[in-house]
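**Q** This is final.cif, which holds mmCIF, C-alpha atoms and all ligand atoms:
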data_my_file
#
loop_
_atom_site.label_atom_id
_atom_site.label_comp_id
_atom_site.auth_asym_id
_atom_site.auth_seq_id
_atom_site.Cartn_x
_atom_site.Cartn_y
_atom_site.Cartn_z
CA MET A 19 126.82 121.01 127.89
CA SER A 20 127.60 120.53 124.22
CA PHE A 21 126.65 117.27 122.45
CA ASP A 22 130.29 116.16 122.44
CA GLU A 23 130.57 116.78 126.19
CA LEU A 24 127.26 114.99 126.84
CA ILE A 25 128.27 111.94 124.85
CA GLU A 26 131.71 111.78 126.43
CA SER A 27 130.32 111.96 129.95
CA ALA A 28 127.64 109.30 129.30
CA GLY A 29 129.99 106.33 129.82
CA ILE A 30 128.70 104.42 126.79
CA SER A 31 130.20 102.07 124.19
CA ASP A 32 131.72 103.24 120.89
CA ARG A 33 128.85 101.56 119.04
CA LYS A 34 126.25 103.49 121.00
CA GLN A 35 128.20 106.72 120.55
CA GLU A 36 128.16 106.17 116.80
CA ILE A 37 124.39 105.52 116.77
CA LEU A 38 123.78 108.64 118.83
CA ARG A 39 126.02 110.70 116.55
CA LEU A 40 124.11 109.55 113.44
CA ASN A 41 120.77 110.35 115.06
CA HIS A 42 122.07 113.68 116.31
CA GLU A 43 123.48 114.62 112.93
CA TYR A 44 120.64 113.47 110.66
CA LEU A 45 117.44 113.03 112.64
CA ALA A 46 116.69 114.81 115.89
CA PRO A 47 119.58 116.75 117.48
CA ASN A 48 117.48 118.27 120.24
CA ARG A 49 115.80 114.98 121.18
CA VAL A 50 119.12 113.14 121.36
CA GLU A 51 120.64 115.88 123.53
CA SER A 52 117.57 115.97 125.80
CA TRP A 53 117.77 112.24 126.63
CA LEU A 54 121.51 112.49 127.22
CA ALA A 55 121.05 115.49 129.49
CA ALA A 56 118.34 113.58 131.41
CA GLY A 57 120.77 110.70 132.03
CA ILE A 58 118.80 108.32 129.80
CA PRO A 59 121.05 107.36 126.86
CA LEU A 60 118.69 104.55 125.82
CA VAL A 61 119.13 102.94 122.40
CA ILE A 62 116.86 99.92 122.12
CA ALA A 63 118.39 96.88 120.42
CA LYS A 64 116.92 93.48 121.24
CA ARG A 65 113.24 93.36 122.21
CA GLU A 66 111.16 90.34 123.13
CA GLY A 67 107.92 89.92 125.09
CA TYR A 68 107.64 92.71 127.65
CA ARG A 69 111.38 93.38 127.80
CA ILE A 70 113.80 95.56 125.88
CA TRP A 71 117.59 95.55 125.85
CA ASP A 72 119.81 98.56 125.34
CA VAL A 73 122.62 98.22 122.75
CA ASP A 74 125.06 98.22 125.65
CA GLY A 75 123.22 95.21 127.12
CA ALA A 76 121.10 96.65 129.95
CA GLU A 77 117.77 94.83 130.29
CA LEU A 78 114.59 96.78 131.02
CA GLN A 79 111.01 95.77 131.70
CA ASP A 80 108.87 97.71 129.24
CA PHE A 81 106.16 99.70 131.06
CA HIS A 82 105.94 102.30 128.32
CA LEU A 83 104.95 99.90 125.55
CA ASN A 84 105.06 102.88 123.24
CA GLY A 85 101.58 103.89 124.33
CA GLY A 86 100.16 100.37 123.99
CA THR A 87 101.88 99.49 120.71
CA TYR A 88 103.35 96.48 122.48
CA ASN A 89 100.12 95.65 124.27
CA LEU A 90 100.61 91.98 123.34
CA GLY A 91 104.37 92.17 123.88
CA HIS A 92 107.24 92.77 121.49
CA ARG A 93 107.38 90.35 118.59
CA HIS A 94 104.53 88.13 119.71
CA PRO A 95 105.28 84.73 118.09
CA ASP A 96 101.76 84.33 116.61
CA LEU A 97 101.95 87.79 115.09
CA LEU A 98 105.40 87.14 113.66
CA ALA A 99 103.94 83.98 112.13
CA ALA A 100 101.04 86.00 110.67
CA MET A 101 103.49 88.51 109.23
CA ARG A 102 105.63 85.76 107.68
CA GLU A 103 102.49 84.16 106.27
CA ALA A 104 101.43 87.48 104.73
CA LEU A 105 104.88 88.02 103.23
CA GLU A 106 104.54 84.76 101.30
CA THR A 107 101.87 86.25 99.03
CA LEU A 108 101.07 89.86 99.90
CA ASP A 109 102.54 93.35 99.93
CA VAL A 110 100.87 96.64 100.90
CA GLY A 111 98.30 96.09 98.14
CA ASN A 112 96.66 98.64 95.89
CA HIS A 113 94.47 100.99 97.90
CA HIS A 114 92.17 101.73 94.96
CA PHE A 115 90.74 98.22 94.89
CA PRO A 116 88.86 95.91 97.26
CA SER A 117 91.05 93.43 99.11
CA GLU A 118 90.44 90.21 101.03
CA ALA A 119 92.82 91.05 103.90
CA ARG A 120 91.25 94.50 104.36
CA GLY A 121 87.68 93.17 104.17
CA VAL A 122 88.27 90.37 106.68
CA PHE A 123 89.99 92.72 109.13
CA ALA A 124 87.41 95.51 108.80
CA GLU A 125 84.53 93.11 109.48
CA LYS A 126 86.31 91.74 112.55
CA LEU A 127 87.09 95.22 113.87
CA ALA A 128 83.54 96.50 113.31
CA ARG A 129 82.15 93.41 115.08
CA ASN A 130 84.42 94.14 118.05
CA THR A 131 83.45 97.80 118.45
CA PRO A 132 80.42 98.85 120.48
CA GLY A 133 76.91 99.77 119.35
CA ASP A 134 76.28 100.72 115.74
CA LEU A 135 79.90 101.38 114.75
CA HIS A 136 80.19 99.93 111.28
CA TYR A 137 82.25 101.63 108.55
CA VAL A 138 86.04 101.36 108.85
CA VAL A 139 88.63 103.72 107.35
CA LEU A 140 92.22 102.42 107.43
CA THR A 141 95.12 104.85 107.68
CA PRO A 142 98.89 104.61 108.24
CA SER A 143 98.67 106.20 111.73
CA GLY A 144 96.44 107.22 114.61
CA SER A 145 97.01 110.86 113.66
CA GLU A 146 95.53 110.36 110.22
CA ALA A 147 92.62 108.35 111.62
CA ASN A 148 91.81 111.37 113.81
CA ASP A 149 92.14 113.67 110.78
CA VAL A 150 89.60 111.57 108.90
CA ALA A 151 87.32 111.49 111.96
CA ILE A 152 87.29 115.28 112.05
CA LYS A 153 86.61 115.53 108.32
CA SER A 154 83.86 112.93 108.51
CA ALA A 155 82.16 114.79 111.38
CA ARG A 156 82.35 118.02 109.40
CA HIS A 157 80.83 116.40 106.34
CA ALA A 158 78.10 114.60 108.30
CA THR A 159 77.00 117.70 110.23
CA GLY A 160 77.79 120.46 107.75
CA ARG A 161 79.61 122.24 110.61
CA ARG A 162 83.29 123.18 111.01
CA LYS A 163 83.95 123.57 114.71
CA ILE A 164 85.54 120.86 116.83
CA VAL A 165 85.70 120.81 120.63
CA ALA A 166 88.42 118.80 122.35
CA LEU A 167 90.20 118.50 125.71
CA ASP A 168 92.97 120.96 126.45
CA GLN A 169 95.10 118.08 127.75
CA GLY A 170 94.20 115.70 124.93
CA PHE A 171 96.76 114.39 122.45
CA HIS A 172 95.49 113.15 119.11
CA GLY A 173 98.54 113.06 116.88
CA ALA A 174 100.91 115.18 114.89
CA SER A 175 99.42 115.56 111.42
CA GLY A 176 97.54 118.67 110.28
CA LEU A 177 94.15 118.49 111.99
CA SER A 178 95.06 115.96 114.68
CA GLY A 179 98.14 117.97 115.63
CA ALA A 180 96.10 121.12 116.16
CA VAL A 181 93.25 119.62 118.15
CA GLY A 182 93.68 119.17 121.91
CA GLU A 183 96.90 120.39 123.51
CA ASP A 184 98.19 122.57 120.68
CA THR A 185 101.61 123.89 121.76
CA ASN A 186 103.32 122.22 118.80
CA ALA A 187 100.65 123.37 116.34
CA ARG A 188 101.19 126.95 117.52
CA TYR A 189 104.97 126.47 117.33
CA PHE A 190 104.59 125.58 113.64
CA ASN A 191 101.99 128.31 113.06
CA SER A 192 99.60 125.50 112.17
CA ASP A 193 96.86 125.88 114.80
CA PHE A 194 93.21 126.56 114.01
CA PRO A 195 91.98 128.93 116.74
CA ASP A 196 88.72 129.78 114.94
CA ASP A 197 87.75 126.17 114.38
CA PHE A 198 89.04 124.28 117.42
CA THR A 199 87.97 125.02 121.00
CA MET A 200 89.71 123.32 123.89
CA ILE A 201 88.07 122.73 127.26
CA PRO A 202 89.17 121.06 130.53
CA PHE A 203 88.48 117.37 131.20
CA ASN A 204 85.55 116.61 133.51
CA ASP A 205 84.07 120.10 133.00
CA LEU A 206 80.53 119.58 131.73
CA ASP A 207 79.62 123.27 132.05
CA ALA A 208 82.49 124.13 129.71
CA LEU A 209 81.25 121.48 127.26
CA ASP A 210 77.70 122.79 127.43
CA ASP A 211 78.99 126.32 126.82
CA ALA A 212 81.09 125.20 123.87
CA LEU A 213 78.28 123.22 122.23
CA LYS A 214 75.27 125.41 122.87
CA GLY A 215 75.76 127.58 119.79
CA GLY A 216 74.72 124.53 117.76
CA ASP A 217 77.70 124.93 115.42
CA VAL A 218 80.05 122.17 116.65
CA ALA A 219 80.62 119.15 114.41
CA ALA A 220 82.26 116.92 117.02
CA PHE A 221 83.56 116.58 120.54
CA LEU A 222 86.80 114.58 120.44
CA ALA A 223 88.17 113.02 123.63
CA GLU A 224 90.34 110.23 124.94
CA PRO A 225 88.36 108.33 127.60
CA LEU A 226 91.41 108.81 129.87
CA PRO A 227 93.74 111.52 128.54
CA ALA A 228 96.99 109.55 128.33
CA THR A 229 99.51 112.38 128.10
CA ALA A 230 97.93 114.00 131.18
CA GLY A 231 98.75 110.82 133.16
CA PHE A 232 95.41 108.98 132.68
CA PRO A 233 93.04 111.02 134.89
CA LEU A 234 89.72 109.19 135.27
CA PRO A 235 86.40 110.69 134.24
CA ASP A 236 84.02 111.69 137.04
CA ASP A 237 81.01 109.44 137.54
CA GLY A 238 78.43 110.25 134.89
CA TYR A 239 80.82 112.38 132.82
CA PHE A 240 80.63 110.44 129.55
CA PRO A 241 76.88 109.68 129.73
CA THR A 242 76.34 113.44 130.09
CA VAL A 243 78.81 114.08 127.26
CA ARG A 244 76.67 111.77 125.12
CA LYS A 245 73.47 113.56 126.13
CA LEU A 246 74.90 117.03 125.47
CA CYS A 247 76.17 115.90 122.07
CA ASP A 248 72.72 114.52 121.24
CA ASP A 249 71.01 117.71 122.46
CA TYR A 250 73.19 119.95 120.30
CA GLY A 251 73.52 117.71 117.22
CA THR A 252 77.26 117.17 117.81
CA LEU A 253 79.04 113.88 117.11
CA PHE A 254 81.15 112.22 119.80
CA ILE A 255 84.53 110.80 118.78
CA ALA A 256 86.37 108.52 121.24
CA ASP A 257 90.13 108.43 120.63
CA GLU A 258 91.04 104.97 121.93
CA VAL A 259 94.55 104.89 120.49
CA GLN A 260 96.03 104.41 123.98
CA THR A 261 93.04 103.18 125.96
CA GLY A 262 91.56 100.60 123.58
CA LEU A 263 92.36 97.00 122.66
CA GLY A 264 91.60 95.41 126.01
CA ARG A 265 93.76 97.70 128.11
CA SER A 266 90.85 99.07 130.16
CA GLY A 267 89.53 95.65 131.17
CA SER A 268 86.96 95.93 128.37
CA MET A 269 87.78 95.98 124.69
CA TRP A 270 87.36 99.80 124.69
CA ALA A 271 87.62 102.15 127.68
CA ILE A 272 84.53 104.07 126.65
CA GLU A 273 82.49 100.89 127.26
CA ARG A 274 83.49 101.15 130.93
CA PHE A 275 81.92 104.60 131.12
CA GLY A 276 78.48 103.91 129.65
CA ALA A 277 78.59 106.09 126.55
CA GLN A 278 78.30 105.13 122.92
CA PRO A 279 80.56 107.09 120.52
CA ASP A 280 79.63 107.94 116.92
CA MET A 281 83.23 107.28 115.94
CA LEU A 282 86.09 105.39 117.52
CA VAL A 283 89.77 105.77 116.64
CA THR A 284 92.37 103.07 117.28
CA GLY A 285 95.97 102.41 116.23
CA LYS A 286 99.28 101.67 117.97
CA GLY A 287 98.89 98.01 119.11
CA ILE A 288 96.29 97.07 116.51
CA ALA A 289 98.91 95.24 114.44
CA GLY A 290 101.08 94.20 117.38
CA GLY A 291 103.80 96.78 116.75
CA LEU A 292 104.84 94.96 113.58
CA TYR A 293 103.07 97.11 111.01
CA PRO A 294 101.73 100.68 111.15
CA ILE A 295 97.94 100.87 111.01
CA GLY A 296 95.42 103.41 112.27
CA CYS A 297 91.67 102.81 112.12
CA LEU A 298 88.55 104.91 112.32
CA VAL A 299 85.28 103.07 112.92
CA MET A 300 82.07 105.06 112.36
CA THR A 301 78.33 104.64 112.48
CA ARG A 302 76.69 104.42 109.06
CA GLU A 303 75.43 108.00 109.51
CA ALA A 304 78.79 109.47 110.55
CA GLY A 305 80.50 107.68 107.67
CA SER A 306 77.78 108.31 105.10
CA TRP A 307 80.27 109.97 102.76
CA LEU A 308 81.73 106.52 102.05
CA LYS A 309 78.53 105.72 100.15
CA ASP A 310 78.83 108.82 97.96
CA ASN A 311 82.53 109.38 97.52
CA GLY A 312 84.79 106.38 96.92
CA TRP A 313 87.92 108.52 96.83
CA GLY A 314 87.10 110.99 99.66
CA TYR A 315 90.10 109.66 101.56
CA VAL A 316 92.88 107.64 99.97
CA SER A 317 96.23 106.53 101.31
CA THR A 318 98.82 104.37 99.60
CA PHE A 319 99.85 102.72 102.85
CA GLY A 320 96.59 103.01 104.82
CA GLY A 321 95.19 99.51 105.15
CA SER A 322 98.32 97.75 103.94
CA GLU A 323 97.34 94.14 103.32
CA ILE A 324 100.31 92.83 105.31
CA GLY A 325 99.26 95.02 108.23
CA CYS A 326 95.61 93.93 107.99
CA HIS A 327 96.56 90.27 108.03
CA ILE A 328 98.60 90.77 111.22
CA ALA A 329 95.91 92.97 112.77
CA SER A 330 93.25 90.29 112.25
CA ARG A 331 95.40 87.87 114.25
CA ALA A 332 96.11 90.52 116.89
CA LEU A 333 92.35 91.06 117.35
CA ASP A 334 91.86 87.31 117.84
CA ILE A 335 94.48 87.27 120.60
CA THR A 336 93.20 90.48 122.19
CA THR A 337 89.60 89.22 122.38
CA ALA A 338 90.40 85.64 123.49
CA PRO A 339 88.86 84.72 126.88
CA ALA A 340 92.34 83.79 128.20
CA THR A 341 93.53 87.34 127.49
CA THR A 342 90.55 88.92 129.25
CA LYS A 343 91.23 86.67 132.24
CA ALA A 344 94.93 87.60 132.27
CA VAL A 345 94.07 91.32 132.21
CA ARG A 346 91.64 90.91 135.11
CA GLU A 347 94.13 88.96 137.21
CA ASN A 348 97.25 90.98 136.36
CA SER A 349 95.61 94.33 136.92
CA ALA A 350 94.24 93.29 140.33
CA TYR A 351 97.59 91.81 141.34
CA MET A 352 99.54 94.88 140.29
CA ARG A 353 97.02 97.14 142.02
CA SER A 354 97.38 95.38 145.36
CA GLY A 355 101.18 95.64 145.10
CA LEU A 356 100.93 99.34 144.29
CA ASP A 357 98.53 99.93 147.20
CA SER A 358 101.01 98.30 149.54
CA LEU A 359 103.84 100.50 148.19
CA GLN A 360 101.68 103.60 148.63
CA ASP A 361 101.09 102.66 152.29
CA ARG A 362 104.83 102.54 152.83
CA TYR A 363 106.02 105.38 150.59
CA PRO A 364 104.02 108.61 150.94
CA TYR A 365 105.98 110.04 147.98
CA LEU A 366 103.60 107.93 145.85
CA THR A 367 100.53 110.12 146.35
CA ASP A 368 98.08 108.85 143.76
CA ILE A 369 97.23 105.66 141.86
CA ARG A 370 94.96 106.04 138.87
CA GLN A 371 93.83 102.79 137.31
CA LEU A 372 91.58 101.32 134.68
CA GLY A 373 92.47 97.72 133.84
CA VAL A 374 96.17 97.59 133.01
CA ILE A 375 96.32 101.36 132.49
CA PHE A 376 97.99 103.02 135.48
CA GLY A 377 98.93 106.64 136.17
CA LEU A 378 101.08 107.08 139.26
CA GLY A 379 101.27 110.51 140.92
CA PHE A 380 104.17 111.72 143.08
CA ASP A 381 104.59 114.44 145.65
CA ASP A 382 106.68 116.73 143.47
CA ALA A 383 105.91 118.87 140.39
CA LEU A 384 108.49 116.82 138.46
CA GLY A 385 107.93 113.55 140.34
CA GLY A 386 107.00 111.56 137.22
CA MET A 387 110.26 112.62 135.58
CA ARG A 388 112.31 111.78 138.65
CA MET A 389 110.72 108.34 138.74
CA THR A 390 111.30 107.78 135.02
CA ARG A 391 115.00 108.23 135.61
CA SER A 392 115.11 106.35 138.87
CA LEU A 393 113.25 103.38 137.36
CA TYR A 394 115.51 103.42 134.31
CA LYS A 395 118.45 102.95 136.62
CA SER A 396 116.59 100.10 138.35
CA GLY A 397 115.88 98.32 135.04
CA LEU A 398 112.34 99.39 134.18
CA TRP A 399 111.32 101.73 131.38
CA ALA A 400 108.23 103.84 132.11
CA MET A 401 107.68 107.39 130.92
CA PHE A 402 106.39 110.48 132.69
CA ALA A 403 103.19 112.11 131.47
CA GLY A 404 104.21 114.90 129.09
CA PHE A 405 101.38 117.28 130.07
CA ASP A 406 101.59 116.66 133.83
CA ARG A 407 105.05 115.75 134.98
CA ARG A 408 103.93 114.84 138.50
CA TYR A 409 102.58 111.66 136.92
CA LEU A 410 104.19 108.53 135.52
CA GLN A 411 102.43 106.46 132.86
CA PHE A 412 102.78 102.90 134.12
CA LYS A 413 101.55 100.68 131.30
CA LEU A 414 101.27 97.01 132.02
CA GLY A 415 101.04 94.58 129.09
CA LEU A 416 97.97 92.38 128.63
CA LEU A 417 99.83 89.06 128.81
CA VAL A 418 102.31 89.48 131.67
CA ASP A 419 102.41 87.13 134.65
CA LYS A 420 102.68 87.50 138.42
CA ALA A 421 106.46 87.00 138.46
CA TYR A 422 106.80 89.89 136.00
CA CYS A 423 104.61 92.08 138.24
CA ASP A 424 106.63 91.11 141.34
CA GLU A 425 109.88 92.01 139.61
CA ALA A 426 108.42 95.40 138.59
CA LEU A 427 107.12 96.10 142.10
CA GLU A 428 110.58 95.40 143.51
CA LYS A 429 112.14 97.82 141.03
CA LEU A 430 109.48 100.38 141.83
CA GLU A 431 110.32 100.09 145.51
CA THR A 432 114.04 100.55 144.82
CA ALA A 433 113.27 103.56 142.62
CA LEU A 434 110.91 105.04 145.21
CA LYS A 435 113.59 104.77 147.89
CA ALA A 436 116.07 106.51 145.62
CA ALA A 437 113.66 109.23 144.41
CA THR A 438 111.98 110.10 147.72
CA PRO A 439 113.52 113.44 148.71
C1 LIG A 501 95.63 109.15 122.19
C2 LIG A 501 96.43 109.24 120.93
N1 LIG A 501 95.81 109.53 119.77
C3 LIG A 501 96.48 109.59 118.61
C4 LIG A 501 97.84 109.37 118.55
C5 LIG A 501 98.57 109.47 117.26
O1 LIG A 501 98.93 108.22 116.80
P1 LIG A 501 100.16 108.05 115.77
O2 LIG A 501 101.42 108.33 116.53
O3 LIG A 501 100.04 106.63 115.29
O4 LIG A 501 99.94 109.03 114.68
C6 LIG A 501 98.53 109.07 119.72
C7 LIG A 501 99.99 108.84 119.70
O5 LIG A 501 100.66 108.77 120.68
C8 LIG A 501 97.81 109.00 120.95
O6 LIG A 501 98.42 108.73 122.10
#
Represent the structure from my file as structure tokens, please.
Ligand SMILES: Cc1ncc(COP(=O)(O)O)c(C=O)c1O

**A**
Amino acid sequence: MSFDELIESAGISDRKQEILRLNHEYLAPNRVESWLAAGIPLVIAKREGYRIWDVDGAELQDFHLNGGTYNLGHRHPDLLAAMREALETLDVGNHHFPSEARGVFAEKLARNTPGDLHYVVLTPSGSEANDVAIKSARHATGRRKIVALDQGFHGASGLSGAVGEDTNARYFNSDFPDDFTMIPFNDLDALDDALKGGDVAAFLAEPLPATAGFPLPDDGYFPTVRKLCDDYGTLFIADEVQTGLGRSGSMWAIERFGAQPDMLVTGKGIAGGLYPIGCLVMTREAGSWLKDNGWGYVSTFGGSEIGCHIASRALDITTAPATTKAVRENSAYMRSGLDSLQDRYPYLTDIRQLGVIFGLGFDDALGGMRMTRSLYKSGLWAMFAGFDRRYLQFKLGLLVDKAYCDEALEKLETALKAATP
């Protein structure tokens, strides 16, 4: 169908049609057409807490959270207050000079990361934080090669876009086949093989590869990853952009798996979805270049002072005992509801879980996509896993309550009834 036919058959308001036309004309024609063709003409207008509203009024529970960006909910009142406070006196700042907001935030972040992680590099995105991680590993080891997971996603900038699943990098003729080696998750023999030449700077992995639907590591996987990296002089980078910030039941998912990374990357929800920030936290050794080269990485917007001020407050909320308690209770409550649904609906074949991170598997190669659509119609927004469309990413917020979970479980049941073939 042409765009005009798609938009006419969508049954949407004139206002939404106009928004879609602008986006189709000036921004992303293929993306707009794809959502229309999938029967999901979503244009988000109002957003508050863990709910979003379409411009045409439909209300949806947000179980996508933009990968954890809205971990603490949309427009958390304390974070809005922090942003307003920052706007009274600050702007993005001048990245060449020291800054109070950056210093305070970096100290707080370093204190809340495991082991010896110490130096912080602030970027405008998770992608760039991964780029800097790769460059830092190369500088620290004097090696070029990077090993990553073939179903990992680490961003869309130059290096981050080419490491892990690299379809888009190849599409843009921007892959690095001589430098980047991709291996399957949970395959320690493949990792040993890739590292044994002694020429690999870093192994980069998400603790649970999000875009593959959050598969869990086998018992002992990450401790052995750590040992292999130590044996071969390779650094281990944990990309916690989707799995960090309390979502796993610990501050960082890698802490649940008994391995200490040399570098940790975070972003998305770090400033509550109100300001773009990515962060790389490194051991003193991995980040040794910061002692020699003050301008090795610079970014006008990386470490914006407004963003840092909000992020400091977001870290306080994320690490508060009440939040940890809410995560423990909500994740257990949601899990028991999901188990009960699985008993009654065999179409739901698999429940992957770590804290509030859930990956739901269905008995159909495109089951995750079918459920995305079916849930959308039932009033819940959750997105299929891009690299494994049997799975649905089902991302619960940190601060929800039981009534919110009950409402979601009801919608899931309705959607399961409708999607079960
Ligand atoms: C695991 C992971 N790493 C890195 C990124 C890139 O972050 P950004 O979109 O802020 O560049 C993403 C984005 O979805 C991600 O999911």

**Q** If the limit is 6 Å from any atom of ligand LIG 501 (chain A), counting only C-alpha atoms and all ligand atoms, which residues qualify? Return them as a short mmCIF file (atom, residue, chain, number, x, y, z; two decimals) with C-alpha atoms, keeping the file's coordinate frame.

**A**
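Saved to pocket.cif:
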data_model
loop_
_atom_site.label_atom_id
_atom_site.label_comp_id
_atom_site.auth_asym_id
_atom_site.auth_seq_id
_atom_site.Cartn_x
_atom_site.Cartn_y
_atom_site.Cartn_z
CA SER A 143 98.67 106.20 111.73
CA GLY A 144 96.44 107.22 114.61
CA SER A 145 97.01 110.86 113.66
CA PHE A 171 96.76 114.39 122.45
CA HIS A 172 95.49 113.15 119.11
CA GLY A 173 98.54 113.06 116.88
CA ASP A 257 90.13 108.43 120.63
CA VAL A 259 94.55 104.89 120.49
CA GLN A 260 96.03 104.41 123.98
CA GLY A 285 95.97 102.41 116.23
CA LYS A 286 99.28 101.67 117.97
#

**Q** Which residues, written as a list in words, have at least one atom at most 9 Å from stretch 47-57 of chain A, with only C-alpha atoms counted and residues fewer than 5 positions away on the same chain left out?

**A**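 Selected residues are Met19, Ser20, Phe21, Leu24, Ile25, Ala28, Leu38, Arg39, Asn41, His42 and Arg391 of chain A.
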
**Q** Go through A:Gly133, A:Gly238, A:Gly182, A:Pro59 one by one, measure the shortest atom-to-atom distance of each to A:Leu222 using all atoms listed in the file, and give the residue with the smallest value.

**A**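 Once distances to A:Leu222 are computed over all atoms listed in the file, the minimum belongs to A:Gly182.
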
**Q** Counting only C-alpha atoms, what is within 12 Å of A:Glu66, bar same-chain residues fewer than 4 positions away, as JSON, numbers by chain?

**A** {"A": [62, 70, 71, 77, 78, 79, 80, 83, 88, 90, 91, 92, 93, 94, 95, 98, 291]}

**Q** Counting only C-alpha atoms, what is within 7 Å of A:Leu246, bar same-chain residues fewer than 4 positions away, as a compact mmCIF listing (two decimals) with C-alpha atoms, in the coordinates of the input?

**A**
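Saved to around_7.txt:
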# COMPACT_ATOMS: atom_id res chain seq x y z
CA ASP A 210 77.70 122.79 127.43
CA THR A 242 76.34 113.44 130.09
CA TYR A 250 73.19 119.95 120.30

**Q** Give the answer as one residue: which of A:Ala403, A:Ala147, A:Leu356, A:Met200 has the shortest atom-to-atom distance to A:Ser175, using only C-alpha atoms?

**A**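 That would be A:Ala147, the residue with the smallest distance to A:Ser175.
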
**Q** Which is closest to A:Thr141 among A:Tyr293, A:Phe221, A:Tyr422, A:Phe376, if we use all atoms listed in the file?

**A** A:Tyr293

**Q** A:Ser317, A:Ser322, A:Gln278, A:Ser330: which is nearest A:Val150, counting only C-alpha atoms?

**A**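 Between A:Ser317, A:Ser322, A:Gln278, A:Ser330, the residue approaching A:Val150 most closely is A:Ser317.
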
**Q** How far is it from atom CA of A:Cys326 to atom CA of A:Ala124, in Å with one decimal?

**A**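 Interatomic distance, atom CA of A:Cys326 to atom CA of A:Ala124: 8.4 Å.
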
**Q** Ranking A:Met281, A:Leu226, A:Ala63, A:Leu410 by minimum distance to A:Arg302 and counting all atoms listed in the file, which one comes first?

**A**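 Checking each candidate against A:Arg302, we get A:Met281 as the closest.
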
**Q** From the set A:Tyr365, A:Phe412, A:Phe81, A:Phe194, which residue has the shortest atom-to-atom contact distance to A:Pro439, counting all atoms listed in the file?

**A** A:Tyr365

**Q** For the atom pair atom CA of A:Thr390 and atom CA of A:Leu430, what is the interatomic distance in Å to one decimal place?

**A** 10.2 Å

**Q** Could you check which residues have any atom within 9 Å of (82.5, 119.9, 111.6), counting all atoms listed in the file with coordinates taken straight from the file, and then list them as a list in words?

**A**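 Those within range, by chain then number, are Ile152, Lys153, Ser154, Ala155, Arg156, His157, Ala158, Thr159, Gly160, Arg161, Arg162, Lys163, Ile164, Asp197, Asp217, Val218, Ala219, Ala220, Thr252 and Leu253 of chain A.
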
**Q** Please report the interatomic distance between atom CA of A:Gly314 and atom CA of A:Met300 in Å with one decimal.

**A**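 Result for atom CA of A:Gly314 versus atom CA of A:Met300: 14.9 Å, one decimal.
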
**Q** Skip A:Val299 itself and residues of its chain fewer than 2 positions away, then list as a ChimeraX atom specification all residues within 9 Å of it, counting all atoms listed in the file.

**A** /A:124,127-128,131,135-140,151,280-284,297,301,305

**Q** At a cut-off of 9 Å, using all atoms listed in the file, what residues contact A:Asp381? Leave out same-chain residues fewer than 2 positions from it and give the result as a PyMOL selection string.

**A** chain A and resi 364-368+379+383-385+408+438
